[in-house]
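Undergrad: This is input_29.cif (mmCIF, C-alpha atoms).
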data_entry
#
loop_
_atom_site.label_atom_id
_atom_site.label_comp_id
_atom_site.auth_asym_id
_atom_site.auth_seq_id
_atom_site.Cartn_x
_atom_site.Cartn_y
_atom_site.Cartn_z
CA MET A 1 0.00 0.00 0.00
CA ALA A 2 1.42 3.35 -1.03
CA LEU A 3 0.60 6.66 -2.65
CA ARG A 4 -0.75 6.51 -6.18
CA GLU A 5 1.88 7.59 -8.69
CA PRO A 6 1.13 10.95 -10.39
CA ALA A 7 -0.32 10.60 -13.87
CA SER A 8 0.09 12.72 -16.99
CA ARG A 9 -2.80 14.18 -18.99
CA PRO A 10 -2.73 16.56 -21.96
CA GLY A 11 -2.30 20.08 -20.62
CA ALA A 12 -1.72 18.90 -17.05
CA ARG A 13 1.41 19.38 -14.99
CA VAL A 14 3.29 16.27 -13.91
CA ALA A 15 4.15 16.80 -10.24
CA GLU A 16 4.93 15.01 -7.04
CA PRO A 17 1.95 14.52 -4.71
CA ASP A 18 1.20 17.64 -2.71
CA GLY A 19 1.39 17.92 1.07
CA GLY A 20 4.41 15.73 1.56
CA GLY A 21 2.51 12.53 0.80
CA LEU A 22 3.50 9.85 3.32
CA SER A 23 6.76 11.45 4.42
CA ARG A 24 5.42 11.97 7.96
CA VAL A 25 3.13 8.94 8.20
CA HIS A 26 4.71 5.88 9.81
CA ILE A 27 3.66 2.23 9.70
CA LEU A 28 4.05 1.12 13.29
CA ARG A 29 3.22 -2.53 12.53
CA GLU A 30 1.55 -4.60 9.85
CA ALA A 31 -0.38 -7.81 10.56
CA LEU A 32 -0.78 -9.95 7.45
CA LEU A 33 -3.02 -13.00 7.17
CA ILE A 34 -3.10 -15.14 4.04
CA ASP A 35 -5.77 -17.84 4.31
CA LEU A 36 -5.31 -20.64 1.77
CA ARG A 37 -7.83 -22.99 3.39
CA PRO A 38 -10.62 -22.14 0.90
CA LEU A 39 -8.48 -23.76 -1.83
CA ARG A 40 -9.45 -27.15 -0.43
CA VAL A 41 -12.97 -26.62 -1.83
CA GLY A 42 -11.87 -24.71 -4.93
CA ARG A 43 -12.44 -21.16 -3.69
CA PRO A 44 -10.03 -18.20 -3.76
CA ALA A 45 -7.62 -17.46 -0.95
CA LEU A 46 -8.26 -14.61 1.46
CA VAL A 47 -5.77 -11.80 2.10
CA ASP A 48 -6.24 -9.63 5.20
CA ALA A 49 -3.74 -6.85 5.95
CA THR A 50 -4.05 -4.59 8.99
CA TYR A 51 -1.77 -1.58 9.47
CA ARG A 52 -1.24 0.49 12.60
CA VAL A 53 -0.06 3.87 11.35
CA ARG A 54 0.85 7.18 12.95
CA ASN A 55 0.53 10.57 11.33
CA ASP A 56 3.12 12.93 12.82
CA GLY A 57 2.06 15.85 10.66
CA GLU A 58 -1.13 17.79 10.12
CA ALA A 59 -4.37 16.24 8.94
CA ARG A 60 -4.13 15.15 5.33
CA ASP A 61 -6.05 13.38 2.61
CA VAL A 62 -4.10 10.66 0.86
CA GLU A 63 -5.05 8.67 -2.21
CA LEU A 64 -3.65 5.17 -1.74
CA VAL A 65 -3.20 2.20 -4.01
CA PHE A 66 -3.02 -1.31 -2.54
CA VAL A 67 -1.14 -3.74 -4.79
CA ALA A 68 -3.43 -6.81 -4.92
CA ALA A 69 -1.74 -9.53 -6.95
CA GLY A 70 -4.23 -12.22 -7.99
CA LEU A 71 -7.18 -10.03 -7.01
CA ALA A 72 -10.48 -11.85 -7.59
CA PRO A 73 -12.61 -8.97 -8.91
CA ARG A 74 -16.05 -8.65 -7.44
CA GLY A 75 -19.06 -8.26 -9.67
CA GLU A 76 -22.64 -9.21 -10.39
CA ALA A 77 -21.65 -12.33 -12.35
CA GLY A 78 -21.17 -14.43 -9.21
CA GLY A 79 -18.21 -15.76 -7.29
CA TRP A 80 -14.94 -17.32 -8.36
CA VAL A 81 -14.49 -21.08 -8.16
CA TRP A 82 -11.96 -23.62 -9.45
CA ARG A 83 -13.86 -25.65 -12.06
CA ARG A 84 -12.72 -27.69 -15.02
CA ARG A 85 -9.13 -27.00 -14.00
CA ASP A 86 -9.37 -23.22 -14.25
CA TRP A 87 -10.70 -20.22 -12.32
CA VAL A 88 -14.21 -19.38 -13.55
CA ARG A 89 -16.96 -17.13 -12.29
CA GLU A 90 -20.28 -18.85 -11.59
CA ALA A 91 -23.53 -17.03 -10.96
CA SER A 92 -24.66 -19.71 -8.50
CA VAL A 93 -21.58 -19.16 -6.30
CA GLU A 94 -21.66 -16.36 -3.77
CA SER A 95 -18.59 -14.93 -2.10
CA LYS A 96 -18.82 -15.41 1.65
CA ALA A 97 -15.68 -13.41 2.36
CA GLU A 98 -16.10 -9.85 3.58
CA SER A 99 -13.95 -7.64 1.37
CA GLY A 100 -13.19 -3.96 1.54
CA VAL A 101 -11.20 -1.22 3.24
CA TRP A 102 -11.68 0.12 6.75
CA LEU A 103 -10.19 3.10 8.62
CA ASP A 104 -10.42 2.81 12.39
CA GLY A 105 -13.19 0.25 11.98
CA ARG A 106 -15.27 2.35 9.59
CA PRO A 107 -15.70 1.23 5.95
CA VAL A 108 -14.05 3.36 3.30
CA PRO A 109 -15.22 3.55 -0.34
CA ALA A 110 -12.79 1.67 -2.58
CA SER A 111 -12.55 0.64 -6.22
CA GLU A 112 -10.74 -2.17 -7.98
CA SER A 113 -8.63 -1.89 -11.10
CA SER A 114 -6.30 -4.03 -13.19
CA GLY A 115 -3.51 -3.43 -15.65
CA GLU A 116 -1.83 -0.79 -13.49
CA VAL A 117 1.76 0.00 -14.38
CA PHE A 118 3.74 -0.17 -11.14
CA ALA A 119 7.35 0.47 -10.31
CA LYS A 120 9.67 -2.47 -11.00
CA ALA A 121 10.03 -3.21 -7.28
CA TRP A 122 6.25 -3.47 -6.97
CA GLU A 123 5.93 -6.34 -9.42
CA THR A 124 4.99 -9.81 -8.27
CA PRO A 125 7.89 -12.22 -7.68
CA PRO A 126 8.99 -14.19 -10.76
CA GLU A 127 8.98 -17.48 -8.82
CA THR A 128 7.77 -19.20 -5.67
CA PRO A 129 9.64 -21.84 -3.65
CA GLY A 130 9.42 -25.54 -4.49
CA PHE A 131 9.47 -28.57 -2.19
CA ALA A 132 12.55 -30.59 -1.31
CA GLU A 133 10.80 -33.91 -1.90
CA ARG A 134 9.79 -32.76 -5.40
CA GLY A 135 13.19 -31.62 -6.61
CA GLY A 136 13.39 -28.50 -4.47
CA GLY A 137 13.78 -26.02 -7.31
CA PRO A 138 11.76 -22.79 -7.46
CA LEU A 139 8.59 -22.70 -9.57
CA PRO A 140 7.97 -19.98 -12.17
CA TYR A 141 5.16 -17.68 -11.09
CA LYS A 142 2.84 -15.47 -13.09
CA ALA A 143 -0.17 -13.78 -11.53
CA GLU A 144 -3.29 -13.38 -13.64
CA GLY A 145 -4.38 -9.76 -13.88
CA GLU A 146 -0.90 -8.34 -13.34
CA GLY A 147 -1.18 -4.80 -12.01
CA ALA A 148 -4.41 -5.43 -10.07
CA SER A 149 -5.01 -2.96 -7.26
CA ILE A 150 -7.51 -1.60 -4.75
CA ASN A 151 -7.79 2.18 -4.75
CA PHE A 152 -9.15 4.36 -1.94
CA ARG A 153 -8.83 7.78 -0.32
CA LEU A 154 -8.25 8.35 3.39
CA SER A 155 -8.44 11.39 5.64
CA LEU A 156 -5.74 10.92 8.26
CA ALA A 157 -5.94 13.13 11.33
CA PRO A 158 -2.81 13.51 13.47
CA GLY A 159 -2.12 10.50 15.70
CA GLU A 160 -2.52 6.75 15.39
CA HIS A 161 -4.95 4.93 13.11
CA GLU A 162 -5.77 1.44 11.93
CA ILE A 163 -6.12 0.70 8.22
CA ARG A 164 -7.44 -2.69 7.18
CA VAL A 165 -7.64 -4.12 3.65
CA ARG A 166 -9.29 -7.46 2.97
CA TYR A 167 -9.91 -9.17 -0.38
CA GLU A 168 -10.13 -12.50 -2.20
CA ALA A 169 -7.18 -13.55 -4.36
CA ARG A 170 -7.00 -16.29 -6.98
CA PRO A 171 -3.71 -18.16 -6.52
CA SER A 172 -1.93 -19.21 -9.67
CA ALA A 173 -1.99 -22.93 -10.50
CA TYR A 174 1.22 -24.58 -11.69
CA CYS A 175 1.81 -28.19 -12.77
CA ASP A 176 4.90 -30.15 -13.78
CA ILE A 177 5.93 -33.77 -14.29
CA ASN A 178 7.10 -34.15 -10.69
CA SER A 179 3.67 -34.25 -9.11
CA ASP A 180 0.10 -35.37 -9.80
CA ALA A 181 -1.31 -32.42 -7.83
CA VAL A 182 -1.57 -28.70 -8.57
CA TYR A 183 0.97 -26.34 -7.00
CA TRP A 184 -0.88 -23.25 -5.73
CA GLN A 185 1.17 -20.04 -5.79
CA LEU A 186 0.54 -16.61 -4.32
CA GLY A 187 2.84 -13.61 -4.23
CA TYR A 188 2.15 -10.75 -1.81
CA VAL A 189 3.95 -7.52 -2.70
CA LEU A 190 5.61 -5.82 0.29
CA ALA A 191 7.73 -3.23 -1.53
CA PRO A 192 5.19 -0.33 -1.38
CA ALA A 193 5.71 -0.18 2.40
CA ARG A 194 9.08 1.45 1.69
CA GLU A 195 7.24 4.58 0.54
CA TRP A 196 6.12 5.41 4.08
CA ALA A 197 8.17 7.45 6.57
CA SER A 198 9.13 4.24 8.37
CA PHE A 199 8.11 0.62 8.69
CA GLY A 200 7.99 -0.84 12.21
CA GLY A 201 7.69 -4.52 11.35
CA LEU A 202 5.55 -7.29 9.96
CA ASP A 203 3.68 -10.14 11.66
CA ALA A 204 2.67 -12.66 9.00
CA LYS A 205 0.59 -15.84 9.12
CA VAL A 206 -0.31 -18.23 6.31
CA LEU A 207 -3.13 -20.70 6.99
CA PHE A 208 -3.51 -23.81 4.82
CA PRO A 209 -5.65 -26.98 4.74
CA ALA A 210 -4.71 -29.82 7.09
CA GLY A 211 -2.21 -32.26 5.60
CA TRP A 212 -0.99 -29.93 2.88
CA ARG A 213 2.66 -29.08 2.28
CA VAL A 214 3.66 -25.44 2.06
CA ALA A 215 6.79 -23.37 1.50
CA SER A 216 7.49 -19.64 1.61
CA SER A 217 10.14 -17.14 0.66
CA PRO A 218 11.29 -15.51 2.91
CA GLU A 219 11.16 -18.66 5.01
CA MET A 220 8.58 -18.88 7.81
CA ARG A 221 8.31 -21.45 10.60
CA ARG A 222 5.56 -24.03 10.63
CA GLU A 223 3.15 -24.27 13.56
CA GLY A 224 0.54 -26.96 12.91
CA ASP A 225 -1.40 -25.98 9.80
CA ALA A 226 0.07 -22.49 9.62
CA LEU A 227 3.26 -20.66 8.72
CA VAL A 228 4.15 -17.77 11.03
CA ALA A 229 6.92 -15.19 11.14
CA SER A 230 7.67 -11.77 12.59
CA TRP A 231 10.16 -9.29 11.21
CA ASP A 232 11.19 -5.93 12.64
CA ALA A 233 11.96 -4.60 9.17
CA LEU A 234 10.71 -5.29 5.68
CA PRO A 235 12.15 -8.79 4.94
CA ALA A 236 11.93 -8.57 1.12
CA ASP A 237 10.09 -6.87 -1.72
CA SER A 238 7.52 -9.68 -1.70
CA LEU A 239 6.34 -12.76 0.16
CA ALA A 240 6.00 -15.82 -2.09
CA VAL A 241 4.01 -18.89 -1.00
CA THR A 242 3.55 -22.34 -2.58
CA ALA A 243 1.01 -24.87 -1.27
CA GLN A 244 -0.04 -28.33 -2.40
CA THR A 245 -2.23 -31.16 -1.19
CA ASP A 246 -0.79 -34.57 -0.32
CA GLY A 247 -0.29 -36.39 -3.62
CA ARG A 248 -2.16 -39.45 -2.31
CA THR A 249 -5.40 -37.44 -2.25
CA VAL A 250 -5.38 -37.09 -6.04
CA TYR A 251 -3.85 -40.38 -7.16
CA ASN A 252 -3.01 -43.36 -4.96
CA SER A 253 -1.64 -46.27 -6.98
CA GLY A 254 -0.53 -48.07 -3.80
CA THR A 255 -4.10 -48.31 -2.49
CA PHE A 256 -5.33 -49.44 -5.93
CA TRP A 257 -2.75 -52.22 -6.13
CA MET A 258 -3.33 -53.33 -2.54
CA ALA A 259 -7.05 -53.53 -3.23
CA LEU A 260 -6.38 -55.66 -6.34
CA ILE A 261 -4.23 -58.07 -4.31
CA ILE A 262 -6.75 -58.43 -1.47
CA LEU A 263 -9.70 -58.77 -3.83
CA GLY A 264 -7.75 -61.29 -5.94
CA ALA A 265 -7.26 -63.47 -2.86
CA LEU A 266 -10.89 -63.17 -1.75
CA PHE A 267 -12.30 -63.75 -5.22
CA SER A 268 -10.20 -66.92 -5.56
CA LEU A 269 -12.35 -68.42 -2.79
CA PHE A 270 -15.47 -67.54 -4.76
CA ALA A 271 -13.84 -68.97 -7.90
CA GLY A 272 -13.26 -72.27 -6.07
CA TYR A 273 -16.86 -72.36 -4.85
CA ALA A 274 -18.25 -71.55 -8.30
CA GLY A 275 -15.99 -74.16 -9.92
CA TRP A 276 -17.13 -76.79 -7.43
CA ARG A 277 -20.82 -76.11 -8.13
CA VAL A 278 -20.27 -76.22 -11.91
CA GLY A 279 -18.26 -79.45 -11.65
CA ARG A 280 -20.98 -81.17 -9.65
CA ARG A 281 -23.59 -80.15 -12.20
CA LEU A 282 -21.43 -81.38 -15.07
CA GLY A 283 -20.95 -84.71 -13.31
CA ALA A 284 -24.66 -85.07 -12.56
CA GLN A 285 -25.56 -84.38 -16.19
CA GLY A 286 -22.83 -86.64 -17.55
CA ARG A 287 -21.08 -83.87 -19.47
CA THR A 288 -17.37 -83.75 -20.22
CA GLY A 289 -14.82 -81.50 -18.49
CA VAL A 290 -14.51 -79.40 -21.67
CA TRP A 291 -17.31 -77.22 -20.33
CA ALA A 292 -15.11 -76.36 -17.35
CA LEU A 293 -12.41 -75.16 -19.77
CA VAL A 294 -14.91 -72.71 -21.25
CA PHE A 295 -16.39 -71.60 -17.93
CA SER A 296 -13.17 -70.99 -15.97
CA PRO A 297 -11.60 -68.20 -18.13
CA ALA A 298 -14.98 -66.46 -18.51
CA LEU A 299 -15.46 -66.38 -14.73
CA ALA A 300 -11.84 -65.32 -14.20
CA LEU A 301 -12.25 -62.40 -16.59
CA LEU A 302 -15.46 -61.32 -14.86
CA LEU A 303 -13.82 -61.45 -11.44
CA CYS A 304 -10.82 -59.41 -12.69
CA LEU A 305 -13.12 -56.72 -14.08
CA LEU A 306 -15.07 -56.63 -10.82
CA ALA A 307 -11.86 -56.39 -8.76
CA SER A 308 -10.60 -53.55 -10.94
CA LEU A 309 -13.90 -51.68 -10.54
CA VAL A 310 -13.94 -52.06 -6.75
CA ALA A 311 -10.25 -51.08 -6.48
CA THR A 312 -10.93 -47.96 -8.57
CA ILE A 313 -13.76 -46.97 -6.23
CA VAL A 314 -11.68 -47.63 -3.11
CA SER A 315 -8.72 -45.60 -4.40
CA ALA A 316 -10.79 -42.78 -5.90
CA PRO A 317 -9.22 -39.33 -5.29
CA THR A 318 -10.52 -37.53 -2.22
CA ALA A 319 -9.49 -34.22 -3.78
CA PRO A 320 -10.31 -34.60 -7.49
CA ASP A 321 -10.22 -30.85 -8.17
CA GLN A 322 -6.58 -30.76 -7.06
CA ILE A 323 -5.40 -33.11 -9.85
CA ALA A 324 -2.75 -31.61 -12.12
CA PHE A 325 -4.26 -30.42 -15.39
CA ASN A 326 -1.29 -31.68 -17.40
CA ARG A 327 -1.18 -35.20 -15.94
CA ILE A 328 -0.45 -37.76 -18.67
CA GLY A 329 0.12 -40.87 -16.57
CA GLY A 330 3.21 -43.01 -16.09
CA TYR A 331 4.27 -46.63 -16.06
CA ASP A 332 1.89 -47.75 -13.33
CA PHE A 333 -0.15 -49.63 -15.94
CA ILE A 334 2.65 -52.22 -16.11
CA VAL A 335 2.19 -53.17 -12.44
CA THR A 336 -1.59 -53.05 -12.83
CA PHE A 337 -1.48 -55.32 -15.91
CA PHE A 338 0.79 -57.78 -14.10
CA LEU A 339 -1.49 -57.97 -11.05
CA LEU A 340 -4.57 -58.47 -13.22
CA LEU A 341 -2.77 -61.12 -15.23
CA VAL A 342 -1.81 -63.00 -12.06
CA SER A 343 -5.40 -62.71 -10.76
CA PHE A 344 -6.80 -63.98 -14.05
CA ALA A 345 -4.46 -66.98 -14.06
CA LEU A 346 -5.18 -67.76 -10.39
CA HIS A 347 -8.95 -67.59 -10.82
CA SER A 348 -8.83 -69.68 -13.98
CA VAL A 349 -6.72 -72.40 -12.40
CA VAL A 350 -8.76 -72.51 -9.18
CA THR A 351 -12.08 -72.60 -11.07
CA LEU A 352 -10.93 -75.26 -13.52
CA THR A 353 -9.29 -77.45 -10.87
CA THR A 354 -12.25 -77.44 -8.48
CA ALA A 355 -14.68 -77.99 -11.37
CA LEU A 356 -12.78 -81.05 -12.64
CA VAL A 357 -12.39 -82.51 -9.16
CA ALA A 358 -16.10 -81.99 -8.36
CA ARG A 359 -17.14 -83.57 -11.70
CA TRP A 360 -14.87 -86.57 -11.12
CA ARG A 361 -16.20 -87.19 -7.59
CA THR A 362 -19.81 -86.77 -8.72
CA THR A 363 -19.25 -89.24 -11.57
CA LEU A 364 -17.82 -91.83 -9.21
CA LYS A 365 -20.95 -91.74 -7.11
#
Output the file's structure in the form of structure tokens.
TA:
Amino acid sequence: MALREPASRPGARVAEPDGGGLSRVHILREALLIDLRPLRVGRPALVDATYRVRNDGEARDVELVFVAAGLAPRGEAGGWVWRRRDWVREASVESKAESGVWLDGRPVPASESSGEVFAKAWETPPETPGFAERGGGPLPYKAEGEGASINFRLSLAPGEHEIRVRYEARPSAYCDINSDAVYWQLGYVLAPAREWASFGGLDAKVLFPAGWRVASSPEMRREGDALVASWDALPADSLAVTAQTDGRTVYNSGTFWMALIILGALFSLFAGYAGWRVGRRLGAQGRTGVWALVFSPALALLLCLLASLVATIVSAPTAPDQIAFNRIGGYDFIVTFFLLLVSFALHSVVTLTTALVARWRTTLK
């Protein structure tokens, strides 16, 4: 948050802001909250910044611009939601987050804009941190609606005041070959705070869904399902955050394979029972064991298809909307094909063996 840069118009004088701008207004402390928990259900993150400021000069009106990277613009078309692997606005979705600007607890009229041309230092970071278990390298970051901002005008009397800005932000979604889940990225621009007379420090907290991994730059310490940090000076020009669900919530091949193995063992018992019943009927009707050769592979194929269906249901993703939109699969089909082949052979052999034995014993009687 800083003064709006002066603009040029035909016939107008280009000048520095009058009245000294923010040269005698100090930020005593900033409390920043970035809430990523709505991402779990495909809704935008929430950014809440509260400033304690002190005006050491005379009363002044200041026109401020709040750099809001990833701003989710409000409008009559509905709320933003992550659908079909992209951010879309749906009329049936209402934003439950209270957004706006407040001065000393009183709402202040504000407007949103995009495409602003900011100073180089005010730009969003070019990357966000990666995760050590996924290669550890930084991830390229690009915020949609670069230059988005919230604009408002304040009348600051001498003394201390509280300024609060709260808005929804759409994190960027990034995918690569190292993960089956989306990387969510958000960059919060801190650089405008340098425009004030002084900056007394920052208390930052990032909330995220339970079980998710998260990384930040500058680094913050983890406390449960939150990242927290306090700095007595501006730590960097921006705060970059990356968050991601546990990969097993979007694709769990281990659970699928385990289900195939367990179901293969259980279905072999059913195959033996079915083979025994068929063999007894063949023996009672005086038919040859050739019928068992036809029946056993058909039953084995049916049981394999049923096991695959049940395993797919059991291992279904618990967070389907978090699946990477560039996922093309891997070599897991080789293991799956091998397990199904073993199950098919086992069921065929068990069915055929029990059918032939049952037919033989029935014939002897």
Undergrad: Just so the selection is clear, what residues does the PyMOL selection byres ((chain A and resi 274) around 10) cover here, as a list in words?
TA: Ser268, Leu269, Phe270, Ala271, Gly272, Tyr273, Gly275, Trp276, Arg277, Val278, Gly279, Phe295, Ser296, Leu299, Val350, Thr351, Leu352, Thr354 and Ala355 of chain A
Undergrad: Tell me which residues the PyMOL selection byres ((chain A and resi 1-4) around 7) grabs here, as a compact mmCIF listing (two decimals) with C-alpha atoms, in the frame of the given file.
TA:
# COMPACT_ATOMS: atom_id res chain seq x y z
CA GLU A 5 1.88 7.59 -8.69
CA PRO A 6 1.13 10.95 -10.39
CA GLU A 63 -5.05 8.67 -2.21
CA LEU A 64 -3.65 5.17 -1.74
CA VAL A 65 -3.20 2.20 -4.01
CA PHE A 66 -3.02 -1.31 -2.54
CA VAL A 67 -1.14 -3.74 -4.79
CA PRO A 192 5.19 -0.33 -1.38
CA ALA A 193 5.71 -0.18 2.40
CA GLU A 195 7.24 4.58 0.54
Undergrad: Quick one: residues within 6 Å of Leu207 in chain A, all atoms listed in the file, excluding same-chain residues fewer than 2 positions away - as a list in words?
TA: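 With the cut-off at 6 Å, the set is Asp35, Leu36 and Ala226 of chain A.
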Undergrad: Selected by the PyMOL selection byres ((chain A and resi 79-88) around 9) in the shown coordinates: which residues, as an NGL selection string?
TA: :A and (39 or 41-44 or 72-78 or 89-96 or 170 or 173 or 321-325)
Undergrad: For each of A:Ala316, A:Ala298, A:Ala49, A:Leu28, take the minimum atom-to-atom distance to Ala204 in chain A, counting all atoms listed in the file, then give the residue where this is smallest.
TA: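 Of all the options, A:Ala49 lies closest to Ala204 in chain A.
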Undergrad: State, in Å with one decimal place, the distance from CA of Glu58 in chain A to CA of Gly159 in chain A.
TA: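 Taking CA of Glu58 in chain A and CA of Gly159 in chain A, their separation equals 9.2 Å.
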Undergrad: CA of Trp212 in chain A and CA of Glu98 in chain A, how far apart in Å?
TA: 25.1 Å
Undergrad: Pick out the residues sitting within 10 Å of Ala210 in chain A, and hand them over as a PDB file with C-alpha atoms, in the frame of the given file; count all atoms listed in the file, and ignore anything fewer than 6 positions along from it in its own chain.
TA:
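Writing the result to part_33.pdb gives the following:
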ATOM      1  CA  ARG A  37      -7.830 -22.990   3.390  1.00  0.00           C
ATOM      2  CA  ARG A  40      -9.450 -27.150  -0.430  1.00  0.00           C
ATOM      3  CA  GLY A 224       0.540 -26.960  12.910  1.00  0.00           C
ATOM      4  CA  ASP A 225      -1.400 -25.980   9.800  1.00  0.00           C
ATOM      5  CA  ALA A 226       0.070 -22.490   9.620  1.00  0.00           C
ATOM      6  CA  THR A 245      -2.230 -31.160  -1.190  1.00  0.00           C
ATOM      7  CA  ASP A 246      -0.790 -34.570  -0.320  1.00  0.00           C
TER       8      ASP A 246
END
Undergrad: Grab the CA of Ile177 in chain A to CA of Ser216 in chain A distance for me, in Å with one decimal place.
TA: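 That distance, rounded to one decimal, is 21.3 Å.
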Undergrad: Which residues, written as an MDAnalysis selection string, have at least one atom at most 9 Å from Arg164 in chain A, with all atoms listed in the file counted and residues fewer than 5 positions away on the same chain left out?
TA: chainID A and resid 48:52 100:105
